[in-house]
Each structure stands twice: as C-alpha cells, then as structure tokens.
$ cat query_0.txt   # compact mmCIF, C-alpha atoms and all ligand atoms
# COMPACT_ATOMS: atom_id res chain seq x y z
CA MET A 106 221.58 138.73 117.57
CA PRO A 107 222.23 140.49 120.92
CA ASP A 108 223.56 138.22 123.65
CA HIS A 109 220.89 139.39 126.09
CA ASP A 110 217.13 139.55 125.86
CA ILE A 111 217.05 141.58 129.04
CA ARG A 112 219.89 143.33 130.83
CA VAL A 113 219.26 145.32 133.96
CA GLN A 114 222.07 147.32 135.57
CA GLY A 115 221.86 149.28 138.80
CA VAL A 116 218.12 149.76 138.48
CA GLU A 117 216.13 151.57 141.15
CA VAL A 118 212.36 152.09 141.12
CA ARG A 119 210.42 154.36 143.44
CA TYR A 120 206.82 154.86 144.42
CA GLY A 121 207.06 158.42 145.66
CA ARG A 122 209.46 158.27 148.57
CA LEU A 123 209.44 154.49 148.85
CA LYS A 124 212.28 152.83 146.98
CA ALA A 125 210.81 149.46 146.01
CA ILE A 126 213.81 148.39 143.89
CA ARG A 127 217.10 149.51 145.35
CA GLY A 128 219.75 148.84 142.74
CA ILE A 129 219.68 145.50 141.00
CA ASP A 130 221.60 143.80 138.20
CA LEU A 131 219.96 140.97 136.33
CA GLU A 132 220.11 139.36 132.93
CA LEU A 133 218.14 137.00 130.79
CA ARG A 134 219.89 135.44 127.81
CA PRO A 135 218.14 134.13 124.71
CA GLY A 136 216.52 130.77 125.38
CA GLU A 137 217.06 130.94 129.14
CA ALA A 138 214.44 130.49 131.82
CA VAL A 139 215.18 132.51 134.93
CA GLY A 140 213.27 132.57 138.19
CA LEU A 141 212.66 135.67 140.25
CA LEU A 142 211.83 134.55 143.75
CA GLY A 143 211.22 136.31 147.02
CA ALA A 144 208.72 137.05 149.75
CA ASN A 145 205.62 139.23 149.45
CA GLY A 146 206.56 142.84 148.95
CA ALA A 147 210.12 142.05 147.81
CA GLY A 148 209.66 144.01 144.56
CA LYS A 149 209.10 141.23 142.02
CA THR A 150 206.00 142.70 140.39
CA THR A 151 207.54 146.16 140.48
CA LEU A 152 210.48 144.87 138.48
CA LEU A 153 208.28 143.15 135.88
CA ASN A 154 206.17 146.30 135.53
CA THR A 155 209.34 148.30 134.99
CA LEU A 156 210.54 145.90 132.29
CA SER A 157 207.12 146.18 130.62
CA GLY A 158 207.34 149.95 130.53
CA PHE A 159 204.52 150.59 133.03
CA LEU A 160 206.92 152.07 135.60
CA ALA A 161 210.02 154.16 135.00
CA ALA A 162 213.31 153.36 136.70
CA SER A 163 214.66 156.26 138.77
CA ALA A 164 218.25 155.06 138.27
CA GLY A 165 220.17 152.49 136.26
CA THR A 166 219.76 151.13 132.74
CA ILE A 167 217.60 148.51 131.09
CA GLU A 168 218.29 146.98 127.71
CA LEU A 169 215.70 144.90 125.88
CA PHE A 170 216.95 142.83 122.97
CA GLY A 171 220.13 144.86 122.95
CA LYS A 172 218.41 148.26 122.83
CA PRO A 173 218.14 150.83 125.61
CA ALA A 174 214.61 150.59 126.98
CA ALA A 175 214.46 154.12 128.37
CA GLN A 176 211.88 155.31 125.87
CA LEU A 177 209.92 152.11 125.54
CA VAL A 178 206.24 152.44 126.32
CA PRO A 179 204.18 149.31 127.05
CA HIS A 180 202.72 148.74 123.57
CA ARG A 181 206.16 149.05 122.00
CA VAL A 182 207.64 146.62 124.49
CA VAL A 183 204.95 144.13 123.44
CA ARG A 184 205.68 144.77 119.79
CA GLU A 185 209.33 143.95 120.44
CA GLY A 186 208.20 140.58 121.78
CA LEU A 187 208.30 141.00 125.57
CA LEU A 188 204.99 139.67 126.89
CA HIS A 189 203.91 140.02 130.51
CA VAL A 190 201.29 137.76 132.06
CA SER A 191 200.44 139.90 135.06
CA GLN A 192 199.53 138.79 138.56
CA GLU A 193 195.96 140.00 137.93
CA ARG A 194 195.84 138.30 134.53
CA ASP A 195 194.18 141.40 133.03
CA LEU A 196 191.68 139.54 130.88
CA PHE A 197 188.81 141.27 129.14
CA GLY A 198 186.21 139.68 131.39
CA ASP A 199 183.13 140.55 129.32
CA LEU A 200 184.64 139.12 126.15
CA SER A 201 184.80 135.51 125.05
CA VAL A 202 187.86 133.33 125.25
CA LEU A 203 188.35 133.61 121.49
CA ASP A 204 188.04 137.41 121.53
CA ASN A 205 190.64 137.60 124.28
CA LEU A 206 192.95 135.54 122.07
CA ARG A 207 192.17 137.85 119.12
CA LEU A 208 193.16 140.88 121.17
CA GLY A 209 196.37 139.11 122.13
CA ALA A 210 197.29 138.87 118.47
CA LEU A 211 196.73 142.55 117.67
CA ALA A 212 200.16 143.79 118.65
CA ARG A 213 202.10 141.00 116.97
CA GLY A 214 201.44 137.90 114.95
CA GLU A 215 198.06 138.97 113.55
CA GLN A 216 198.90 137.51 110.13
CA ARG A 217 199.43 134.09 111.66
CA PHE A 218 196.30 134.15 113.82
CA ASP A 219 194.88 130.79 112.66
CA GLU A 220 198.14 128.96 113.13
CA ASN A 221 198.76 130.56 116.53
CA VAL A 222 195.29 129.93 117.84
CA GLU A 223 195.65 126.24 116.90
CA ARG A 224 198.94 126.12 118.77
CA VAL A 225 197.34 127.69 121.86
CA PHE A 226 194.39 125.28 121.68
CA GLY A 227 196.92 122.46 121.36
CA PHE A 228 198.51 123.53 124.64
CA PHE A 229 195.21 124.24 126.35
CA PRO A 230 192.42 122.02 124.94
CA ARG A 231 190.08 123.49 127.55
CA LEU A 232 190.26 126.85 125.79
CA ARG A 233 189.07 125.28 122.56
CA GLU A 234 186.10 123.69 124.31
CA ARG A 235 185.30 127.04 125.89
CA ALA A 236 186.13 129.35 122.99
CA GLN A 237 182.75 131.11 123.19
CA GLN A 238 182.58 131.31 126.97
CA GLN A 239 182.82 134.71 128.64
CA ALA A 240 186.29 135.03 130.18
CA ASN A 241 185.15 136.07 133.66
CA THR A 242 182.99 132.97 134.01
CA MET A 243 186.01 130.69 133.62
CA SER A 244 187.59 129.12 136.69
CA GLY A 245 190.78 130.59 138.13
CA GLY A 246 192.96 127.96 136.49
CA GLU A 247 191.21 128.35 133.15
CA GLN A 248 191.67 132.11 133.32
CA GLN A 249 195.36 131.60 133.97
CA MET A 250 195.54 129.35 130.89
CA LEU A 251 193.76 132.02 128.88
CA ALA A 252 196.14 134.71 130.11
CA ILE A 253 199.13 132.59 129.05
CA GLY A 254 197.41 131.67 125.79
CA ARG A 255 196.72 135.30 125.02
CA ALA A 256 200.39 136.16 125.55
CA LEU A 257 201.41 133.29 123.25
CA MET A 258 199.19 134.73 120.50
CA ALA A 259 201.68 137.60 120.26
CA GLU A 260 204.56 135.23 119.46
CA PRO A 261 206.69 136.24 122.45
CA ARG A 262 210.46 136.20 122.38
CA VAL A 263 210.35 136.64 126.16
CA LEU A 264 207.48 135.59 128.37
CA MET A 265 207.32 137.13 131.84
CA LEU A 266 204.92 135.39 134.20
CA ASP A 267 203.95 136.77 137.61
CA GLU A 268 203.02 133.88 139.91
CA PRO A 269 201.17 131.74 137.38
CA SER A 270 200.47 129.12 140.06
CA ALA A 271 198.80 131.51 142.53
CA GLY A 272 195.48 130.16 143.72
CA LEU A 273 195.59 127.08 141.52
CA SER A 274 194.98 123.47 142.52
CA PRO A 275 197.92 121.03 142.30
CA PHE A 276 196.46 119.68 139.06
CA PHE A 277 196.53 123.05 137.35
CA VAL A 278 199.96 123.87 138.76
CA ASP A 279 201.20 120.65 137.23
CA GLU A 280 199.59 121.38 133.90
CA ILE A 281 201.03 124.89 133.76
CA GLY A 282 204.40 123.46 134.74
CA SER A 283 204.44 121.01 131.83
CA ILE A 284 203.31 123.62 129.36
CA LEU A 285 205.99 126.08 130.44
CA SER A 286 208.69 123.43 130.23
CA THR A 287 207.51 122.42 126.76
CA LEU A 288 207.44 126.03 125.65
CA ARG A 289 210.94 126.70 126.82
CA THR A 290 212.48 123.61 125.32
CA SER A 291 210.70 123.56 121.98
CA HIS A 292 209.82 127.14 121.12
CA GLN A 293 212.99 129.25 121.39
CA LEU A 294 211.41 131.35 124.05
CA SER A 295 213.03 132.95 127.07
CA ILE A 296 211.13 132.98 130.34
CA LEU A 297 211.31 135.24 133.37
CA LEU A 298 209.21 133.54 136.01
CA VAL A 299 208.09 135.07 139.30
CA GLU A 300 206.97 132.20 141.46
CA GLN A 301 206.43 131.36 145.15
CA ASN A 302 206.09 127.67 144.37
CA MET A 303 209.74 126.65 144.36
CA ARG A 304 209.05 123.14 143.15
CA LEU A 305 207.29 124.52 140.09
CA ALA A 306 210.07 127.05 139.56
CA ALA A 307 212.76 124.38 139.82
CA ARG A 308 211.02 122.39 137.09
CA ILE A 309 211.22 125.21 134.60
CA ILE A 310 214.18 127.46 135.26
CA ASP A 311 217.93 127.28 134.58
CA ARG A 312 218.86 129.93 137.14
CA PHE A 313 217.20 132.03 139.79
CA TYR A 314 217.55 135.28 141.68
CA ILE A 315 216.11 135.90 145.13
CA LEU A 316 214.87 139.40 145.77
CA ARG A 317 214.43 140.80 149.26
CA ASP A 318 213.45 144.36 150.07
CA GLY A 319 214.32 145.48 146.57
CA ILE A 320 217.77 143.94 146.26
CA ILE A 321 219.10 140.61 145.02
CA VAL A 322 220.27 138.65 148.04
CA ALA A 323 221.04 135.30 146.41
CA GLN A 324 221.27 133.60 143.05
CA GLY A 325 221.92 130.11 141.85
CA THR A 326 221.04 127.31 139.47
CA ALA A 327 218.02 125.05 139.19
CA THR A 328 220.01 122.31 140.94
CA ASP A 329 220.72 124.60 143.91
CA LEU A 330 217.04 125.40 144.06
CA GLU A 331 215.98 121.78 143.90
CA LYS A 332 218.41 120.72 146.62
CA ASN A 333 218.03 123.64 148.97
CA HIS A 334 214.63 125.16 148.45
CA GLU A 335 213.62 124.68 152.06
CA ASP A 336 216.79 126.33 153.38
CA LEU A 337 216.49 129.13 150.83
CA ALA A 338 212.88 129.73 151.80
CA ARG A 339 213.76 129.77 155.50
CA GLU A 340 216.67 132.11 154.96
CA PHE A 341 215.14 134.60 152.58
CA TYR A 342 211.40 134.50 153.01
CA LEU A 343 211.12 135.00 156.77
N1 LIG B 1 201.48 151.45 143.41
C1 LIG B 1 202.22 151.42 144.53
N2 LIG B 1 202.34 152.50 145.33
C2 LIG B 1 203.10 152.46 146.44
N3 LIG B 1 203.80 151.38 146.86
C3 LIG B 1 203.72 150.28 146.09
C4 LIG B 1 202.92 150.24 144.90
N4 LIG B 1 203.04 149.00 144.37
C5 LIG B 1 203.85 148.31 145.19
N5 LIG B 1 204.26 149.06 146.22
C6 LIG B 1 205.18 148.66 147.30
O1 LIG B 1 206.41 148.24 146.72
C7 LIG B 1 206.93 147.08 147.37
C8 LIG B 1 207.13 145.97 146.37
O2 LIG B 1 205.85 145.55 145.89
P1 LIG B 1 205.69 144.43 144.76
O3 LIG B 1 204.27 144.39 144.39
O4 LIG B 1 206.67 144.69 143.70
O5 LIG B 1 206.12 143.12 145.57
P2 LIG B 1 206.07 141.59 145.11
O6 LIG B 1 207.44 141.05 145.35
O7 LIG B 1 205.49 141.45 143.79
O8 LIG B 1 205.08 140.96 146.22
P3 LIG B 1 203.96 139.80 146.09
O9 LIG B 1 204.70 138.50 146.19
O10 LIG B 1 203.11 140.03 147.31
O11 LIG B 1 203.21 139.97 144.83
C9 LIG B 1 205.92 146.75 148.48
O12 LIG B 1 206.40 147.28 149.68
C10 LIG B 1 204.65 147.46 148.03
O13 LIG B 1 203.87 147.85 149.14
MG MG B 2 203.77 140.61 143.07

$ encode --input "query_0.txt" --output "structure tokens"
Amino acid sequence: MPDHDIRVQGVEVRYGRLKAIRGIDLELRPGEAVGLLGANGAGKTTLLNTLSGFLAASAGTIELFGKPAAQLVPHRVVREGLLHVSQERDLFGDLSVLDNLRLGALARGEQRFDENVERVFGFFPRLRERAQQQANTMSGGEQQMLAIGRALMAEPRVLMLDEPSAGLSPFFVDEIGSILSTLRTSHQLSILLVEQNMRLAARIIDRFYILRDGIIVAQGTATDLEKNHEDLAREFYL
C-alpha cells in the first residue's frame, strides 16, 4: 500500500493570468484527517477541484494513492476512491433522496448498494425518513447530510469536504462533527476537510494547513489548533 493517499508537490493552479495556487506541498496519509483552513479566496476550493481532476495544475505534481494524477479525469478519480463533497453540494435537486444515493453508488460500490444505503441511513436517520422526498425541498442541513451520504455510497478511501458546516445551525454542525469523527475512527477513511469553523475542524483532524493567497503559511496539529485557534484566526484570516 502506498504511504500517501494524496501527495502534492510544488503545485500551482491558474485561472487565466490569476495564479490562485502559488506552489504548495501537502500530504494526506492513509487514515489521517487533515484540515485545510484559510480565509475566503485563499484557494481552498481551487485545490480540492484540482485534486478531483476538475482543474489542471500549471506546475508541480500530484500523486493519488501512489500514482501520478496528471491524466486523471474526474470520473476516474472517483473510481479510485477520492470523493469530493463540494461547497455547492451538487445534488440532483429534482430527484429523490434515494435516487441521489443510487447515483452516488454508480461509480463505485454498486454491488453493495443495499448494505451501503443501510450504513448511510444509520448515520443519517433523517435520510431514511425522507427517502422519497425531492432533494431540493430538503433543508440546508439535510442537503448537506445527503451530499455526504451520497459520497459514502461510493465507498471512499478519501473524503474531501468543502465547508460542510457552512450555513448550518449549531445542532447540525454538531451532528456532522460526530459523524465525521465516527467515520474517521471506525471506517479506515482519510479526510481532507476545508472548514472555517475551527472548533469543528479541531474535533476531527489530526493536522492542519493554513492557506493564504495560494500558499501554505502555517501548519500544525489538532492540539495547536485547539489551543490557539483565536490567534491563528487573527493572524491568518485578517
Ligand atoms: N473560475 C474562476 N475564475 C477566475 N478566478 C477564480 C475562479 N474560481 C476562483 N477564482 C479565484 O481564485 C481565488 C481562490 O478561490 P477559491 O474559491 O479557491 O477560494 P476559497 O479558499 O475556496 O474561498 P472561500 O472560503 O470563499 O470558499 C480567488 O481569488 C477567486 O476569486
Ligand atoms: Mg471555497
């Protein structure tokens, strides 16, 4: 087994003339949960989209599960087991909860659909109650649960989450926090978590990186984050 799920070296990503990622090194080892923190516009989503194969790096190398990711297109990245719960959640709004889960299983894990859907319903009992409800009529928190549930249907080896707590009430943030910690301890899953809520991040991660203007300006452990999150926020978010 490769010793890295994700290894990023010297990566740059551009939007035309704008360099949104300006040379970063980062790694995620099997079973680790790593936070990617930083202010609005720092480049967090850009990096996740690059790892998912939606954007191409203009310099540097990315390895996924020990293989060069240069030729990986999004559906192949998913098939390898890297699942991205995007900031927009990207649900199929006209379809039911259950159909969204079915689509999640298409790329991977289709043979174990029944077992996986039970596992997802176990994590999110609300989704079971609402299996036939149209996705875009669900509340924001319920849609976030569905987006995570859909990713879990594909039996991820790595789950990348882009601000799962955005717009959620403290109750939902708490619930998502417990589910992510359960997942990481009991399901041999690595997590790359983009999160503005440092308390939530500290609950889940082992290590973190702080991104500012497309470069990594700090890194540390969950303990550092717990102790110093106010100082870190003041120093790097303003
Ligand atoms: N499609 C695009 N075209 C041009 N510039 C873009 C595009 N997407 C993002 N950017 C720019 O790249 C930079 C990084 O954006 P990105 O969305 O990665 O930030 P982020 O850290 O995810 O921020 P947030 O916390 O607000 O989601 C920003 O300056 C943004 O304006
Ligand atoms: Mg973003």

$ closest_atom_pairs --input "query_0.txt" --of "chain A" --to "ligand MG 2 (chain B)" --cutoff "7 Å" --atoms "all atoms listed in the file" --output "Markdown table"
| residue | atom | partner | partner_atom | distance |
| --- | --- | --- | --- | --- |
| A:Asn145 | CA | B:MG2 | MG | 6.8 |
| A:Gly146 | CA | B:MG2 | MG | 6.9 |
| A:Gly148 | CA | B:MG2 | MG | 7.0 |
| A:Lys149 | CA | B:MG2 | MG | 5.5 |
| A:Thr150 | CA | B:MG2 | MG | 4.1 |
| A:Gln192 | CA | B:MG2 | MG | 6.5 |
| A:Asp267 | CA | B:MG2 | MG | 6.7 |

$ write_last_selection --input "query_0.txt" --atoms "C-alpha atoms" --output "tab-separated table (two decimals), keeping the file's coordinate frame"
chain	number	residue	atom	x	y	z
A	145	ASN	CA	205.62	139.23	149.45
A	146	GLY	CA	206.56	142.84	148.95
A	148	GLY	CA	209.66	144.01	144.56
A	149	LYS	CA	209.10	141.23	142.02
A	150	THR	CA	206.00	142.70	140.39
A	192	GLN	CA	199.53	138.79	138.56
A	267	ASP	CA	203.95	136.77	137.61

$ residues_around --input "query_0.txt" --residues "Asp110 in chain A" --least-positions-apart "6" --cutoff "10 Å" --atoms "all atoms listed in the file" --output "list in words"
Glu132, Leu133, Arg134, Pro135, Gly136, Glu137, Glu168, Leu169, Phe170, Gly171, Lys172, Gly186, Leu187, Arg262, Val263, Ser295 and Ile296 of chain A

$ residues_near_point --input "query_0.txt" --point "(206.0, 147.2, 128.4)" --cutoff "8 Å" --atoms "all atoms listed in the file" --output "MDAnalysis selection string"
chainID A and resid 154:159 177:183 187:189

$ closest_atom_pairs --input "query_0.txt" --of "chain A" --to "ligand LIG 1 (chain B)" --cutoff "12 Å" --atoms "all atoms listed in the file" --output "JSON lines"
{"residue": "A:Glu117", "atom": "CA", "partner": "B:LIG1", "partner_atom": "O1", "distance": 11.7}
{"residue": "A:Val118", "atom": "CA", "partner": "B:LIG1", "partner_atom": "O1", "distance": 9.0}
{"residue": "A:Arg119", "atom": "CA", "partner": "B:LIG1", "partner_atom": "O1", "distance": 8.0}
{"residue": "A:Tyr120", "atom": "CA", "partner": "B:LIG1", "partner_atom": "C2", "distance": 4.9}
{"residue": "A:Gly121", "atom": "CA", "partner": "B:LIG1", "partner_atom": "C2", "distance": 7.2}
{"residue": "A:Arg122", "atom": "CA", "partner": "B:LIG1", "partner_atom": "C2", "distance": 8.9}
{"residue": "A:Leu123", "atom": "CA", "partner": "B:LIG1", "partner_atom": "N3", "distance": 6.7}
{"residue": "A:Lys124", "atom": "CA", "partner": "B:LIG1", "partner_atom": "O1", "distance": 7.5}
{"residue": "A:Ala125", "atom": "CA", "partner": "B:LIG1", "partner_atom": "O1", "distance": 4.6}
{"residue": "A:Ile126", "atom": "CA", "partner": "B:LIG1", "partner_atom": "C8", "distance": 7.5}
{"residue": "A:Arg127", "atom": "CA", "partner": "B:LIG1", "partner_atom": "C8", "distance": 10.6}
{"residue": "A:Leu141", "atom": "CA", "partner": "B:LIG1", "partner_atom": "O6", "distance": 9.1}
{"residue": "A:Leu142", "atom": "CA", "partner": "B:LIG1", "partner_atom": "O6", "distance": 8.0}
{"residue": "A:Gly143", "atom": "CA", "partner": "B:LIG1", "partner_atom": "O6", "distance": 6.3}
{"residue": "A:Ala144", "atom": "CA", "partner": "B:LIG1", "partner_atom": "O9", "distance": 5.6}
{"residue": "A:Asn145", "atom": "CA", "partner": "B:LIG1", "partner_atom": "O10", "distance": 3.4}
{"residue": "A:Gly146", "atom": "CA", "partner": "B:LIG1", "partner_atom": "O5", "distance": 3.4}
{"residue": "A:Ala147", "atom": "CA", "partner": "B:LIG1", "partner_atom": "O6", "distance": 3.8}
{"residue": "A:Gly148", "atom": "CA", "partner": "B:LIG1", "partner_atom": "O4", "distance": 3.2}
{"residue": "A:Lys149", "atom": "CA", "partner": "B:LIG1", "partner_atom": "O6", "distance": 3.7}
{"residue": "A:Thr150", "atom": "CA", "partner": "B:LIG1", "partner_atom": "O7", "distance": 3.7}
{"residue": "A:Thr151", "atom": "CA", "partner": "B:LIG1", "partner_atom": "O4", "distance": 3.6}
{"residue": "A:Leu152", "atom": "CA", "partner": "B:LIG1", "partner_atom": "O4", "distance": 6.5}
{"residue": "A:Leu153", "atom": "CA", "partner": "B:LIG1", "partner_atom": "O4", "distance": 8.1}
{"residue": "A:Asn154", "atom": "CA", "partner": "B:LIG1", "partner_atom": "O4", "distance": 8.3}
{"residue": "A:Thr155", "atom": "CA", "partner": "B:LIG1", "partner_atom": "O4", "distance": 9.8}
{"residue": "A:Phe159", "atom": "CA", "partner": "B:LIG1", "partner_atom": "N1", "distance": 10.9}
{"residue": "A:Leu160", "atom": "CA", "partner": "B:LIG1", "partner_atom": "N1", "distance": 9.5}
{"residue": "A:Ser191", "atom": "CA", "partner": "B:LIG1", "partner_atom": "O11", "distance": 10.2}
{"residue": "A:Gln192", "atom": "CA", "partner": "B:LIG1", "partner_atom": "O11", "distance": 7.4}
{"residue": "A:Glu193", "atom": "CA", "partner": "B:LIG1", "partner_atom": "O11", "distance": 10.0}
{"residue": "A:Leu266", "atom": "CA", "partner": "B:LIG1", "partner_atom": "O7", "distance": 11.4}
{"residue": "A:Asp267", "atom": "CA", "partner": "B:LIG1", "partner_atom": "O7", "distance": 7.9}
{"residue": "A:Glu268", "atom": "CA", "partner": "B:LIG1", "partner_atom": "O11", "distance": 7.8}
{"residue": "A:Pro269", "atom": "CA", "partner": "B:LIG1", "partner_atom": "O11", "distance": 11.3}
{"residue": "A:Ser270", "atom": "CA", "partner": "B:LIG1", "partner_atom": "O9", "distance": 12.0}
{"residue": "A:Ala271", "atom": "CA", "partner": "B:LIG1", "partner_atom": "O11", "distance": 9.8}
{"residue": "A:Leu298", "atom": "CA", "partner": "B:LIG1", "partner_atom": "O7", "distance": 11.7}
{"residue": "A:Val299", "atom": "CA", "partner": "B:LIG1", "partner_atom": "O7", "distance": 8.2}
{"residue": "A:Glu300", "atom": "CA", "partner": "B:LIG1", "partner_atom": "O9", "distance": 8.2}
{"residue": "A:Gln301", "atom": "CA", "partner": "B:LIG1", "partner_atom": "O9", "distance": 7.4}
{"residue": "A:Asn302", "atom": "CA", "partner": "B:LIG1", "partner_atom": "O9", "distance": 11.1}
{"residue": "A:Ile315", "atom": "CA", "partner": "B:LIG1", "partner_atom": "O6", "distance": 10.1}
{"residue": "A:Leu316", "atom": "CA", "partner": "B:LIG1", "partner_atom": "O6", "distance": 7.6}
{"residue": "A:Arg317", "atom": "CA", "partner": "B:LIG1", "partner_atom": "O6", "distance": 8.0}
{"residue": "A:Asp318", "atom": "CA", "partner": "B:LIG1", "partner_atom": "C8", "distance": 7.5}
{"residue": "A:Gly319", "atom": "CA", "partner": "B:LIG1", "partner_atom": "C8", "distance": 7.2}
{"residue": "A:Ile320", "atom": "CA", "partner": "B:LIG1", "partner_atom": "O6", "distance": 10.8}
{"residue": "A:Ile321", "atom": "CA", "partner": "B:LIG1", "partner_atom": "O6", "distance": 11.7}
{"residue": "A:Tyr342", "atom": "CA", "partner": "B:LIG1", "partner_atom": "O9", "distance": 10.4}

$ closest_residue --input "query_0.txt" --among "A:Ile309, A:Leu330, A:Leu337, A:Val202" --to "Glu234 in chain A" --atoms "only C-alpha atoms"
A:Val202

$ residues_around --input "query_0.txt" --residues "range 278-287 of chain A" --least-positions-apart "2" --cutoff "8 Å" --atoms "all atoms listed in the file" --output "PDB file with C-alpha atoms, in the coordinates of the input"
ATOM      1  CA  PHE A 228     198.510 123.530 124.640  1.00  0.00           C
ATOM      2  CA  MET A 250     195.540 129.350 130.890  1.00  0.00           C
ATOM      3  CA  PRO A 269     201.170 131.740 137.380  1.00  0.00           C
ATOM      4  CA  SER A 270     200.470 129.120 140.060  1.00  0.00           C
ATOM      5  CA  LEU A 273     195.590 127.080 141.520  1.00  0.00           C
ATOM      6  CA  SER A 274     194.980 123.470 142.520  1.00  0.00           C
ATOM      7  CA  PRO A 275     197.920 121.030 142.300  1.00  0.00           C
ATOM      8  CA  PHE A 276     196.460 119.680 139.060  1.00  0.00           C
ATOM      9  CA  ARG A 289     210.940 126.700 126.820  1.00  0.00           C
ATOM     10  CA  THR A 290     212.480 123.610 125.320  1.00  0.00           C
ATOM     11  CA  SER A 291     210.700 123.560 121.980  1.00  0.00           C
ATOM     12  CA  HIS A 292     209.820 127.140 121.120  1.00  0.00           C
ATOM     13  CA  LEU A 305     207.290 124.520 140.090  1.00  0.00           C
ATOM     14  CA  ARG A 308     211.020 122.390 137.090  1.00  0.00           C
ATOM     15  CA  ILE A 309     211.220 125.210 134.600  1.00  0.00           C
TER      16      ILE A 309
END

$ atom_distance --input "query_0.txt" --atom1 "CA of Leu208 in chain A" --atom2 "CA of Ala256 in chain A"
9.7 Å

$ residues_around --input "query_0.txt" --residues "Gly325 in chain A" --least-positions-apart "4" --cutoff "8 Å" --atoms "all atoms listed in the file" --output "PyMOL selection string"
chain A and resi 312-314+329-330

$ write_last_selection --input "query_0.txt" --atoms "C-alpha atoms" --output "compact mmCIF listing (two decimals), in the frame of the given file"
# COMPACT_ATOMS: atom_id res chain seq x y z
CA ARG A 312 218.86 129.93 137.14
CA PHE A 313 217.20 132.03 139.79
CA TYR A 314 217.55 135.28 141.68
CA ASP A 329 220.72 124.60 143.91
CA LEU A 330 217.04 125.40 144.06

$ atom_distance --input "query_0.txt" --atom1 "CA of Gly254 in chain A" --atom2 "CA of Ala327 in chain A"
25.5 Å

$ closest_residue --input "query_0.txt" --among "A:Asp195, A:Glu247, A:Glu260, A:Glu185" --to "Glu220 in chain A" --atoms "only C-alpha atoms"
A:Glu260

$ atom_distance --input "query_0.txt" --atom1 "CA of Glu215 in chain A" --atom2 "CA of Leu203 in chain A"
13.6 Å

$ closest_residue --input "query_0.txt" --among "A:Leu206, A:Ile253, A:Ala138, A:Ala338" --to "Val222 in chain A" --atoms "all atoms listed in the file"
A:Leu206

$ closest_residue --input "query_0.txt" --among "A:Ala323, A:Ala252, A:Ala306, A:Leu297" --to "Glu340 in chain A" --atoms "only C-alpha atoms"
A:Ala323

$ closest_residue --input "query_0.txt" --among "A:Met258, A:Thr166, A:Ala174, A:Ile129" --to "Asn205 in chain A" --atoms "only C-alpha atoms"
A:Met258

$ build_atoms --input "query_0.txt" --residues "range 270-275 of chain A" --atoms "all heavy atoms" --output "tab-separated table (two decimals), in the frame of the given file"
chain	number	residue	atom	x	y	z
A	270	SER	N	201.10	130.20	139.28
A	270	SER	CA	200.47	129.12	140.06
A	270	SER	C	199.57	129.64	141.18
A	270	SER	O	198.91	128.85	141.85
A	270	SER	CB	201.53	128.20	140.65
A	270	SER	OG	202.09	128.80	141.79
A	271	ALA	N	199.54	130.97	141.37
A	271	ALA	CA	198.80	131.51	142.53
A	271	ALA	C	197.33	131.10	142.50
A	271	ALA	O	196.64	131.29	141.50
A	271	ALA	CB	198.92	133.03	142.56
A	272	GLY	N	196.89	130.52	143.58
A	272	GLY	CA	195.48	130.16	143.72
A	272	GLY	C	195.05	128.94	142.94
A	272	GLY	O	193.86	128.65	142.86
A	273	LEU	N	195.99	128.23	142.34
A	273	LEU	CA	195.59	127.08	141.52
A	273	LEU	C	195.74	125.76	142.28
A	273	LEU	O	196.62	125.61	143.13
A	273	LEU	CB	196.43	127.01	140.24
A	273	LEU	CG	196.40	128.22	139.33
A	273	LEU	CD1	197.03	127.87	137.99
A	273	LEU	CD2	194.99	128.73	139.12
A	274	SER	N	194.90	124.80	141.92
A	274	SER	CA	194.98	123.47	142.52
A	274	SER	C	196.24	122.77	142.00
A	274	SER	O	196.76	123.13	140.94
A	274	SER	CB	193.76	122.67	142.13
A	274	SER	OG	193.83	122.38	140.75
A	275	PRO	N	196.72	121.76	142.74
A	275	PRO	CA	197.92	121.03	142.30
A	275	PRO	C	197.82	120.54	140.87
A	275	PRO	O	198.80	120.57	140.12
A	275	PRO	CB	198.00	119.86	143.28
A	275	PRO	CG	197.29	120.33	144.49
A	275	PRO	CD	196.22	121.27	144.03
